[in-house]
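Source file work12.txt; content: compact mmCIF, C-alpha atoms.
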```txt
# COMPACT_ATOMS: atom_id res chain seq x y z
CA TRP T 1 55.28 9.35 -12.78
CA MET T 2 52.94 11.71 -14.60
CA ARG T 3 54.14 10.34 -17.93
CA HIS T 4 53.49 6.80 -16.69
CA ALA T 5 50.00 7.71 -15.47
CA ARG T 6 49.20 9.42 -18.79
CA ARG T 7 50.38 6.31 -20.62
CA ARG T 8 48.12 4.07 -18.59
CA ALA T 9 45.14 6.41 -19.13
CA CYS T 10 45.68 6.48 -22.90
CA ALA T 11 45.92 2.68 -23.00
CA GLY T 12 42.52 2.42 -21.32
CA PHE T 13 43.86 0.75 -18.19
CA THR T 14 41.18 -0.57 -15.83
CA PRO T 15 41.98 -2.31 -12.53
CA ASN T 16 40.87 -5.93 -12.09
CA LEU T 17 38.17 -5.60 -9.43
CA PRO T 18 36.16 -8.59 -8.11
CA ARG T 19 32.84 -9.02 -9.87
CA GLN T 20 30.11 -8.95 -7.26
CA ARG T 21 27.08 -9.40 -9.54
CA THR T 22 26.76 -12.41 -11.82
CA PRO T 23 23.69 -13.77 -13.60
CA PHE T 24 23.77 -17.07 -11.70
CA LEU T 25 23.04 -17.37 -8.00
CA ASN T 26 25.53 -20.20 -7.50
CA GLN T 27 28.37 -18.03 -8.85
CA THR T 28 27.79 -15.06 -6.55
CA ARG T 29 30.01 -14.30 -3.57
CA ASN T 30 29.60 -12.06 -0.56
CA PHE T 31 32.69 -9.83 -0.44
CA ALA T 32 31.49 -7.99 2.66
CA LYS T 33 33.17 -10.46 5.06
CA PRO T 34 35.79 -13.18 4.67
CA LYS T 35 34.48 -16.72 4.70
CA GLU T 36 36.43 -17.63 7.85
CA PHE T 37 34.90 -14.71 9.75
CA ARG T 38 31.37 -15.59 8.58
CA GLN T 39 31.82 -19.22 9.68
CA LYS T 40 33.05 -18.14 13.10
CA GLU T 41 30.16 -15.70 13.40
CA GLU T 42 27.63 -18.43 12.62
CA GLU T 43 29.10 -20.73 15.26
CA GLU T 44 28.72 -17.97 17.87
CA TYR T 45 25.20 -16.99 16.73
CA PRO T 46 22.75 -18.79 19.06
CA TRP T 47 19.65 -18.48 16.83
CA LYS T 48 18.57 -20.25 13.68
CA MET T 49 18.09 -17.71 10.89
CA LYS T 50 15.42 -17.76 8.20
CA ILE T 51 14.71 -15.28 5.40
CA GLY T 52 11.19 -14.46 4.24
CA ILE T 53 9.71 -12.19 1.59
CA VAL T 54 6.59 -10.01 1.63
CA LEU T 55 5.48 -9.77 -2.00
CA GLU T 56 3.01 -6.91 -2.48
CA ARG T 57 0.72 -6.05 -5.34
CA THR T 58 -0.02 -2.32 -5.25
CA PRO T 59 -3.48 -0.86 -6.12
CA GLN T 60 -4.23 -1.00 -9.85
CA VAL T 61 -7.04 1.57 -10.07
CA MET T 62 -7.80 4.79 -8.28
CA PRO T 63 -10.47 4.32 -5.61
CA PRO T 64 -13.72 6.29 -6.04
CA LEU T 65 -14.11 9.46 -4.08
CA GLU T 66 -16.15 9.38 -0.92
CA PRO T 67 -19.09 11.80 -0.71
CA TRP T 68 -17.21 14.34 1.42
CA ALA T 69 -14.23 14.26 -0.99
CA ALA T 70 -16.50 14.60 -4.03
CA GLU T 71 -18.16 17.59 -2.40
CA TYR T 72 -14.76 19.25 -1.86
CA GLU T 73 -13.65 18.56 -5.47
CA GLU T 74 -16.88 20.08 -6.80
CA TRP T 75 -16.40 23.17 -4.64
CA LYS T 76 -12.77 23.53 -5.78
CA ARG T 77 -13.72 23.15 -9.45
CA GLU T 78 -16.42 25.80 -9.15
CA ARG T 79 -13.98 28.17 -7.42
CA GLN T 80 -11.38 27.66 -10.16
CA ASN T 81 -13.93 28.14 -12.95
CA ARG T 82 -14.84 31.57 -11.60
CA ARG T 83 -11.35 32.83 -12.42
CA LYS T 84 -11.06 31.21 -15.83
CA ARG T 85 -11.02 33.33 -18.98
CA GLU T 86 -11.77 32.05 -22.47
CA PHE T 87 -8.99 32.96 -24.87
CA PRO T 88 -9.51 33.41 -28.63
CA LEU T 89 -9.16 30.22 -30.62
CA ILE T 90 -6.37 31.76 -32.73
CA LEU T 91 -4.21 31.95 -29.61
CA VAL T 92 -5.08 28.49 -28.29
CA ASP T 93 -4.74 26.61 -31.58
CA PRO T 94 -3.09 28.83 -34.23
CA TYR T 95 -2.35 25.92 -36.60
CA LYS T 96 -5.83 24.38 -36.20
CA LEU T 97 -4.54 20.99 -35.07
CA TYR T 98 -7.14 20.50 -32.37
CA ASP T 99 -10.26 18.56 -33.35
CA PRO T 100 -12.96 19.00 -30.68
CA VAL T 101 -15.26 16.40 -32.30
CA ALA T 102 -12.61 13.65 -32.22
CA ASP T 103 -11.65 14.60 -28.69
CA GLN T 104 -15.27 14.37 -27.54
CA GLU T 105 -15.68 10.98 -29.23
CA ALA T 106 -12.56 9.63 -27.53
CA TYR T 107 -13.88 10.91 -24.21
CA ASP T 108 -17.25 9.24 -24.76
CA ASP T 109 -15.63 5.91 -25.71
CA PHE T 110 -13.40 5.82 -22.64
CA LYS T 111 -14.51 3.32 -20.00
CA PRO T 112 -12.62 3.22 -16.68
CA ALA T 113 -11.66 -0.08 -15.10
CA PRO T 114 -14.30 -1.50 -12.75
CA PHE T 115 -13.81 -1.46 -8.99
CA LEU T 116 -15.51 -4.84 -8.54
CA THR T 117 -14.40 -7.65 -10.84
CA GLU T 118 -15.67 -11.15 -11.47
CA GLN T 119 -13.04 -12.51 -9.08
CA ASP T 120 -14.46 -10.29 -6.33
CA HIS T 121 -17.91 -11.80 -6.77
CA LYS T 122 -16.44 -15.34 -6.81
CA ASN T 123 -14.06 -14.53 -3.92
CA ASP T 124 -11.17 -16.02 -5.89
CA THR T 125 -8.27 -15.38 -3.52
CA ARG T 126 -5.74 -16.92 -5.92
CA SER T 127 -6.28 -14.21 -8.51
CA MET T 128 -4.58 -10.82 -8.49
CA ASN T 129 -7.54 -9.39 -10.40
CA ARG T 130 -9.42 -8.73 -7.18
CA ARG T 131 -9.56 -5.84 -4.75
CA LEU T 132 -8.03 -3.56 -7.38
CA CYS T 133 -8.25 -0.57 -5.04
CA GLU T 134 -6.23 -2.22 -2.26
CA HIS T 135 -2.79 -3.60 -1.44
CA LEU T 136 -2.54 -7.39 -1.74
CA HIS T 137 0.18 -9.59 -0.22
CA LEU T 138 1.22 -13.11 -1.16
CA ILE T 139 1.04 -15.86 1.45
CA VAL T 140 1.53 -19.60 0.96
CA LYS T 141 0.22 -22.67 2.75
CA VAL T 142 3.00 -25.02 3.83
CA ASP T 143 2.16 -28.14 5.90
CA GLY T 144 -1.29 -26.76 6.63
CA VAL T 145 -0.02 -23.40 7.96
CA TRP T 146 -0.44 -20.06 6.18
CA GLN T 147 2.72 -17.96 6.15
CA PHE T 148 4.88 -15.66 4.06
CA PRO T 149 7.33 -17.47 1.75
CA SER T 150 10.47 -18.14 3.81
CA GLY T 151 13.49 -20.43 3.92
CA GLU T 152 16.60 -21.18 5.96
CA TYR T 153 19.62 -18.91 5.69
CA PHE T 154 23.22 -20.13 6.08
CA MET T 155 25.61 -17.43 7.20
CA ASN T 156 28.68 -19.30 5.98
CA GLY T 157 27.21 -19.67 2.49
CA ASP T 158 27.93 -17.63 -0.61
CA MET T 159 24.48 -15.99 -0.82
CA THR T 160 23.42 -12.71 0.73
CA MET T 161 20.19 -12.23 2.64
CA ARG T 162 18.60 -10.44 -0.33
CA GLN T 163 19.49 -13.27 -2.69
CA THR T 164 18.05 -15.77 -0.24
CA ALA T 165 14.81 -13.75 -0.14
CA ASN T 166 14.64 -13.78 -3.94
CA LEU T 167 15.23 -17.54 -3.85
CA GLN T 168 11.94 -18.04 -1.96
CA ILE T 169 10.03 -16.84 -5.05
CA VAL T 170 12.30 -18.37 -7.71
CA THR T 171 12.21 -21.89 -6.26
CA ARG T 172 8.46 -21.97 -5.57
CA PHE T 173 6.92 -20.21 -8.59
CA HIS T 174 7.51 -20.02 -12.33
CA ASP T 175 10.06 -17.54 -13.63
CA GLU T 176 7.42 -15.57 -15.54
CA LEU T 177 6.70 -13.76 -12.28
CA ASP T 178 8.69 -10.51 -12.20
CA HIS T 179 9.20 -8.68 -8.92
CA PHE T 180 11.61 -6.15 -7.40
CA ILE T 181 13.02 -6.29 -3.86
CA LEU T 182 13.19 -2.88 -2.19
CA GLY T 183 16.53 -2.29 -0.49
CA ASN T 184 19.18 -4.60 0.90
CA GLY T 185 17.85 -4.74 4.46
CA PRO T 186 14.79 -6.42 5.99
CA ILE T 187 11.68 -4.54 7.07
CA GLY T 188 10.32 -7.05 9.57
CA LEU T 189 11.49 -9.53 12.20
CA VAL T 190 9.67 -12.44 13.84
CA GLU T 191 11.17 -14.30 16.79
CA LYS T 192 9.68 -17.71 17.55
CA GLY T 193 11.59 -20.02 19.85
CA ASP T 194 15.21 -20.25 18.74
CA THR T 195 14.40 -19.05 15.21
CA ARG T 196 14.62 -15.52 13.88
CA THR T 197 12.97 -14.76 10.54
CA PHE T 198 13.89 -11.57 8.67
CA TYR T 199 11.44 -10.36 6.01
CA PHE T 200 12.25 -8.40 2.88
CA HIS T 201 9.75 -6.18 1.03
CA SER T 202 9.18 -6.83 -2.67
CA LEU T 203 6.84 -5.30 -5.26
CA TRP T 204 5.08 -7.32 -7.94
CA CYS T 205 5.85 -5.98 -11.44
CA SER T 206 4.27 -8.39 -13.94
CA GLY T 207 3.45 -12.02 -14.60
CA ASP T 208 1.13 -14.60 -13.05
CA LEU T 209 1.82 -17.12 -10.32
CA ARG T 210 2.33 -20.77 -11.18
CA VAL T 211 3.43 -23.15 -8.45
CA ILE T 212 6.37 -25.39 -9.43
CA HIS T 213 7.37 -26.78 -6.02
CA ASN T 214 5.63 -29.53 -4.06
CA SER T 215 6.15 -27.80 -0.71
CA VAL T 216 3.45 -25.21 -1.52
CA ASP T 217 -0.02 -26.63 -0.86
CA ASP T 218 -1.89 -23.43 -1.72
CA TYR T 219 -1.35 -19.68 -2.06
CA MET T 220 -3.48 -16.57 -1.63
CA TRP T 221 -3.36 -12.86 -2.42
CA ALA T 222 -4.65 -11.39 0.83
CA THR T 223 -5.48 -7.92 2.06
CA LYS T 224 -4.16 -6.68 5.38
CA GLU T 225 -7.40 -7.59 7.15
CA GLU T 226 -7.24 -11.11 5.70
CA LEU T 227 -3.60 -11.41 6.81
CA LEU T 228 -4.53 -10.62 10.39
CA GLU T 229 -7.21 -13.33 10.31
CA THR T 230 -5.14 -16.01 8.53
CA LEU T 231 -1.55 -15.77 9.82
CA ASN T 232 -0.28 -16.83 13.23
CA ASP T 233 0.01 -14.31 16.04
CA GLU T 234 3.70 -13.45 15.48
CA GLU T 235 3.44 -12.87 11.72
CA ALA T 236 0.08 -11.11 12.10
CA LYS T 237 1.60 -8.62 14.54
CA MET T 238 4.51 -8.02 12.16
CA SER T 239 2.23 -7.59 9.12
CA ASP T 240 0.07 -5.14 11.07
CA GLU T 241 3.13 -2.89 11.38
CA ILE T 242 4.61 -3.15 7.86
CA CYS T 243 1.66 -3.79 5.51
CA MET T 244 -0.43 -0.96 4.09
CA THR T 245 -4.21 -0.88 4.03
CA LEU T 246 -7.08 1.33 2.87
CA LYS T 247 -9.46 0.56 5.72
CA PRO T 248 -11.99 3.36 5.03
CA LEU T 249 -12.42 1.99 1.50
CA ASN T 250 -13.14 -1.49 2.80
CA GLN T 251 -16.05 -0.13 4.76
CA TRP T 252 -17.95 1.21 1.78
CA ILE T 253 -16.58 -0.12 -1.54
CA TYR T 254 -16.92 -3.76 -0.54
CA GLY T 255 -20.25 -3.76 1.27
CA GLY T 256 -20.00 -1.02 3.91
CA GLU T 257 -21.41 2.47 4.35
CA PRO T 258 -19.62 5.55 2.97
CA GLN T 259 -18.54 8.47 5.09
CA GLU T 260 -21.01 11.34 5.02
CA CYS T 261 -20.37 14.82 3.69
CA ALA T 262 -19.23 17.46 6.16
CA ARG T 263 -22.31 19.53 5.33
CA ALA T 264 -24.67 16.63 6.03
CA VAL T 265 -22.94 15.87 9.34
CA SER T 266 -23.08 19.49 10.49
CA GLU T 267 -26.75 19.82 9.49
CA ARG T 268 -27.64 16.62 11.34
CA ASN T 269 -25.78 17.78 14.46
CA TYR T 270 -27.50 21.17 14.27
CA ARG T 271 -30.95 19.57 14.02
CA LYS T 272 -30.12 17.23 16.90
CA LYS T 273 -28.99 20.07 19.18
CA LYS T 274 -32.03 22.14 18.19
CA ALA T 275 -34.39 19.28 19.01
CA GLU T 276 -32.69 18.72 22.36
CA LYS T 277 -32.98 22.42 23.20
CA GLU T 278 -36.66 22.51 22.25
CA ALA T 279 -37.34 19.40 24.36
CA GLU T 280 -35.51 20.98 27.30
CA ASN T 281 -37.55 24.20 27.00
CA ALA T 282 -40.75 22.20 26.71
CA ALA T 283 -39.88 20.27 29.86
CA LYS T 284 -39.18 23.49 31.78
CA THR T 285 -42.46 25.00 30.57
CA ALA T 286 -44.37 21.90 31.64
CA GLU T 287 -42.79 21.98 35.10
CA SER T 288 -43.52 25.69 35.56
CA GLY T 289 -47.10 25.26 34.32
CA GLY T 290 -47.73 22.32 36.66
CA SER T 291 -46.64 24.22 39.77
CA GLY T 292 -48.50 27.42 38.75
CA GLU T 293 -45.87 29.63 40.32
CA GLY T 294 -43.47 30.24 37.43
CA ALA T 295 -45.40 32.75 35.27
CA GLU T 296 -46.12 35.57 37.77
CA PRO T 297 -42.54 36.28 38.88
CA GLU T 298 -41.45 36.55 35.26
CA SER T 299 -44.12 39.19 34.58
CA SER T 300 -43.20 41.13 37.70
CA GLU T 301 -39.53 41.10 36.75
CA GLY T 302 -40.49 42.32 33.31
CA ASP T 303 -42.50 45.14 34.81
CA LYS T 304 -39.51 46.19 36.91
CA LYS T 305 -37.22 46.24 33.92
CA ASP T 306 -39.65 48.22 31.76
CA PRO T 307 -41.43 50.80 33.92
CA SER T 308 -43.23 52.36 30.96
```
Can you give me the file's structure in the form of structure tokens?
Amino acid sequence: WMRHARRRACAGFTPNLPRQRTPFLNQTRNFAKPKEFRQKEEEEYPWKMKIGIVLERTPQVMPPLEPWAAEYEEWKRERQNRRKREFPLILVDPYKLYDPVADQEAYDDFKPAPFLTEQDHKNDTRSMNRRLCEHLHLIVKVDGVWQFPSGEYFMNGDMTMRQTANLQIVTRFHDELDHFILGNGPIGLVEKGDTRTFYFHSLWCSGDLRVIHNSVDDYMWATKEELLETLNDEEAKMSDEICMTLKPLNQWIYGGEPQECARAVSERNYRKKKAEKEAENAAKTAESGGSGEGAEPESSEGDKKDPS
């Protein structure tokens, strides 16, 4: 038997396994369960199943530091600079490949991406070039109702739940949109009547959106706060649990007030407590001066304490 096994190995024998991944959705099969078992399971399942997808565009630029964070970074940089030592140039660049003039010119020519874009000023919710510091999520308007892209799922079909989630993007938008679904299991569930909708999480990679299906009336790239205001109660509750947000940034990058430095807060609290203490002492002095009986006992007590 060892000779037979060696012969098969030398001949490059490979077993004929079923191919589970094919380039076409209509040629894929779910080998997890037999078709007869899946059909029986669907007949016993009392709910109608739908599959949705939460397509997310991650932040594209780093948000600016708040005053308290900038204060900490400045303190840390000063502390690190105290321990720095300047080495001889022959040790740092022995072959003289470093050009400080060119490096300084490249640094001067560098311009970081803006936090507020033209789409932010126009409030163009269809564009992904807005709210670059935040997480945006795709929602569509179907029959006058805003919702995540979703569709019906047939358990006795040949498509998995993940493939059905991908189908919600492929059938509604142009194929130039590239995205990646995270994992094979859903991250959210919405129960409404006799319908259960399972949502998959996907990340936008590249490409723009172009609607190619008549069922989509409109679409929007919304922040978490906009999702809570636009979606129905069930989907809003689900998105509040699974969607990420940068709420402190919303309060000061896009029209709010920044958080104060720790030093400024402590100084303001100290001045407030000092003013309250001075007002309390002034009130006690005024009460003792009005009665005319508060000064003499203090002097007598002082005389007892200090006989000299």
Set the distance at 9 Å and use all atoms listed in the file: which residues neighbour Leu203 of chain T once local chain neighbours fewer than 6 positions away are removed? I'd like the list as a PyMOL selection string.
chain T and resi 54-58+178-182
Here's a test: counting all atoms listed in the file, identify every protein, DNA and RNA residue with an atom at most 12 Å from (10.4, -14.2, -6.0) in the file's coordinate frame, and state them as a PDB file with C-alpha atoms, in the frame of the given file.
```pdb
ATOM      1  CA  GLY T  52      11.190 -14.460   4.240  1.00  0.00           C
ATOM      2  CA  ILE T  53       9.710 -12.190   1.590  1.00  0.00           C
ATOM      3  CA  VAL T  54       6.590 -10.010   1.630  1.00  0.00           C
ATOM      4  CA  LEU T  55       5.480  -9.770  -2.000  1.00  0.00           C
ATOM      5  CA  GLU T  56       3.010  -6.910  -2.480  1.00  0.00           C
ATOM      6  CA  LEU T 138       1.220 -13.110  -1.160  1.00  0.00           C
ATOM      7  CA  PHE T 148       4.880 -15.660   4.060  1.00  0.00           C
ATOM      8  CA  PRO T 149       7.330 -17.470   1.750  1.00  0.00           C
ATOM      9  CA  SER T 150      10.470 -18.140   3.810  1.00  0.00           C
ATOM     10  CA  ARG T 162      18.600 -10.440  -0.330  1.00  0.00           C
ATOM     11  CA  GLN T 163      19.490 -13.270  -2.690  1.00  0.00           C
ATOM     12  CA  THR T 164      18.050 -15.770  -0.240  1.00  0.00           C
ATOM     13  CA  ALA T 165      14.810 -13.750  -0.140  1.00  0.00           C
ATOM     14  CA  ASN T 166      14.640 -13.780  -3.940  1.00  0.00           C
ATOM     15  CA  LEU T 167      15.230 -17.540  -3.850  1.00  0.00           C
ATOM     16  CA  GLN T 168      11.940 -18.040  -1.960  1.00  0.00           C
ATOM     17  CA  ILE T 169      10.030 -16.840  -5.050  1.00  0.00           C
ATOM     18  CA  VAL T 170      12.300 -18.370  -7.710  1.00  0.00           C
ATOM     19  CA  THR T 171      12.210 -21.890  -6.260  1.00  0.00           C
ATOM     20  CA  ARG T 172       8.460 -21.970  -5.570  1.00  0.00           C
ATOM     21  CA  PHE T 173       6.920 -20.210  -8.590  1.00  0.00           C
ATOM     22  CA  HIS T 174       7.510 -20.020 -12.330  1.00  0.00           C
ATOM     23  CA  ASP T 175      10.060 -17.540 -13.630  1.00  0.00           C
ATOM     24  CA  GLU T 176       7.420 -15.570 -15.540  1.00  0.00           C
ATOM     25  CA  LEU T 177       6.700 -13.760 -12.280  1.00  0.00           C
ATOM     26  CA  ASP T 178       8.690 -10.510 -12.200  1.00  0.00           C
ATOM     27  CA  HIS T 179       9.200  -8.680  -8.920  1.00  0.00           C
ATOM     28  CA  PHE T 180      11.610  -6.150  -7.400  1.00  0.00           C
ATOM     29  CA  ILE T 181      13.020  -6.290  -3.860  1.00  0.00           C
ATOM     30  CA  PHE T 200      12.250  -8.400   2.880  1.00  0.00           C
ATOM     31  CA  HIS T 201       9.750  -6.180   1.030  1.00  0.00           C
ATOM     32  CA  SER T 202       9.180  -6.830  -2.670  1.00  0.00           C
ATOM     33  CA  LEU T 203       6.840  -5.300  -5.260  1.00  0.00           C
ATOM     34  CA  TRP T 204       5.080  -7.320  -7.940  1.00  0.00           C
ATOM     35  CA  CYS T 205       5.850  -5.980 -11.440  1.00  0.00           C
ATOM     36  CA  SER T 206       4.270  -8.390 -13.940  1.00  0.00           C
ATOM     37  CA  GLY T 207       3.450 -12.020 -14.600  1.00  0.00           C
ATOM     38  CA  ASP T 208       1.130 -14.600 -13.050  1.00  0.00           C
ATOM     39  CA  LEU T 209       1.820 -17.120 -10.320  1.00  0.00           C
ATOM     40  CA  ARG T 210       2.330 -20.770 -11.180  1.00  0.00           C
ATOM     41  CA  VAL T 211       3.430 -23.150  -8.450  1.00  0.00           C
TER      42      VAL T 211
END
```
Using only C-alpha atoms, find the one residue out of T:Lys48, T:Lys284, T:Lys274, T:Arg83 that sits nearest to Arg196 of chain T.
T:Lys48
How far is it from atom CA of Val61 of chain T to atom CA of Thr230 of chain T, in Å with one decimal?
25.7 Å
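Distances from T:Leu116, T:Met161, T:Val140, T:Met238 to Pro63 of chain T were compared using all atoms listed in the file, and the smallest one belongs to T:Leu116.
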Atom CA of Glu241 of chain T to atom CA of Glu225 of chain T measures 12.3 Å
Residue neighbourhood Leu189 of chain T, 10 Å, all atoms listed in the file, exclusion window fewer than 3 positions, as a PyMOL selection string
chain T and resi 50-52+186+192+196-200+234-235+238-239
Got time to write the residues from that selection, C-alpha atoms, as an mmCIF file, in the frame of the given file?
```
data_model
loop_
_atom_site.group_PDB
_atom_site.id
_atom_site.type_symbol
_atom_site.label_atom_id
_atom_site.label_comp_id
_atom_site.auth_asym_id
_atom_site.auth_seq_id
_atom_site.Cartn_x
_atom_site.Cartn_y
_atom_site.Cartn_z
ATOM 1 C CA LYS T 50 15.420 -17.760 8.200
ATOM 2 C CA ILE T 51 14.710 -15.280 5.400
ATOM 3 C CA GLY T 52 11.190 -14.460 4.240
ATOM 4 C CA PRO T 186 14.790 -6.420 5.990
ATOM 5 C CA LYS T 192 9.680 -17.710 17.550
ATOM 6 C CA ARG T 196 14.620 -15.520 13.880
ATOM 7 C CA THR T 197 12.970 -14.760 10.540
ATOM 8 C CA PHE T 198 13.890 -11.570 8.670
ATOM 9 C CA TYR T 199 11.440 -10.360 6.010
ATOM 10 C CA PHE T 200 12.250 -8.400 2.880
ATOM 11 C CA GLU T 234 3.700 -13.450 15.480
ATOM 12 C CA GLU T 235 3.440 -12.870 11.720
ATOM 13 C CA MET T 238 4.510 -8.020 12.160
ATOM 14 C CA SER T 239 2.230 -7.590 9.120
#
```
Could you tell me how far atom CA of Lys224 of chain T sits from atom CA of Glu118 of chain T, in Å to one decimal place?
20.9 Å
Identify, on the basis of all atoms listed in the file, every residue whose closest approach to Ser127 of chain T does not exceed 10 Å; exclude the query and any residue fewer than 5 positions from it along the same chain; express the result as a list in words.
Gln119, Asp120, Asp208, Leu209, Tyr219, Met220, Trp221 and Ala222 of chain T
Hey, can you spit out that residue selection with C-alpha atoms as a PDB file, in the coordinates of the input?
```
ATOM      1  CA  GLN T 119     -13.040 -12.510  -9.080  1.00  0.00           C
ATOM      2  CA  ASP T 120     -14.460 -10.290  -6.330  1.00  0.00           C
ATOM      3  CA  ASP T 208       1.130 -14.600 -13.050  1.00  0.00           C
ATOM      4  CA  LEU T 209       1.820 -17.120 -10.320  1.00  0.00           C
ATOM      5  CA  TYR T 219      -1.350 -19.680  -2.060  1.00  0.00           C
ATOM      6  CA  MET T 220      -3.480 -16.570  -1.630  1.00  0.00           C
ATOM      7  CA  TRP T 221      -3.360 -12.860  -2.420  1.00  0.00           C
ATOM      8  CA  ALA T 222      -4.650 -11.390   0.830  1.00  0.00           C
TER       9      ALA T 222
END
```
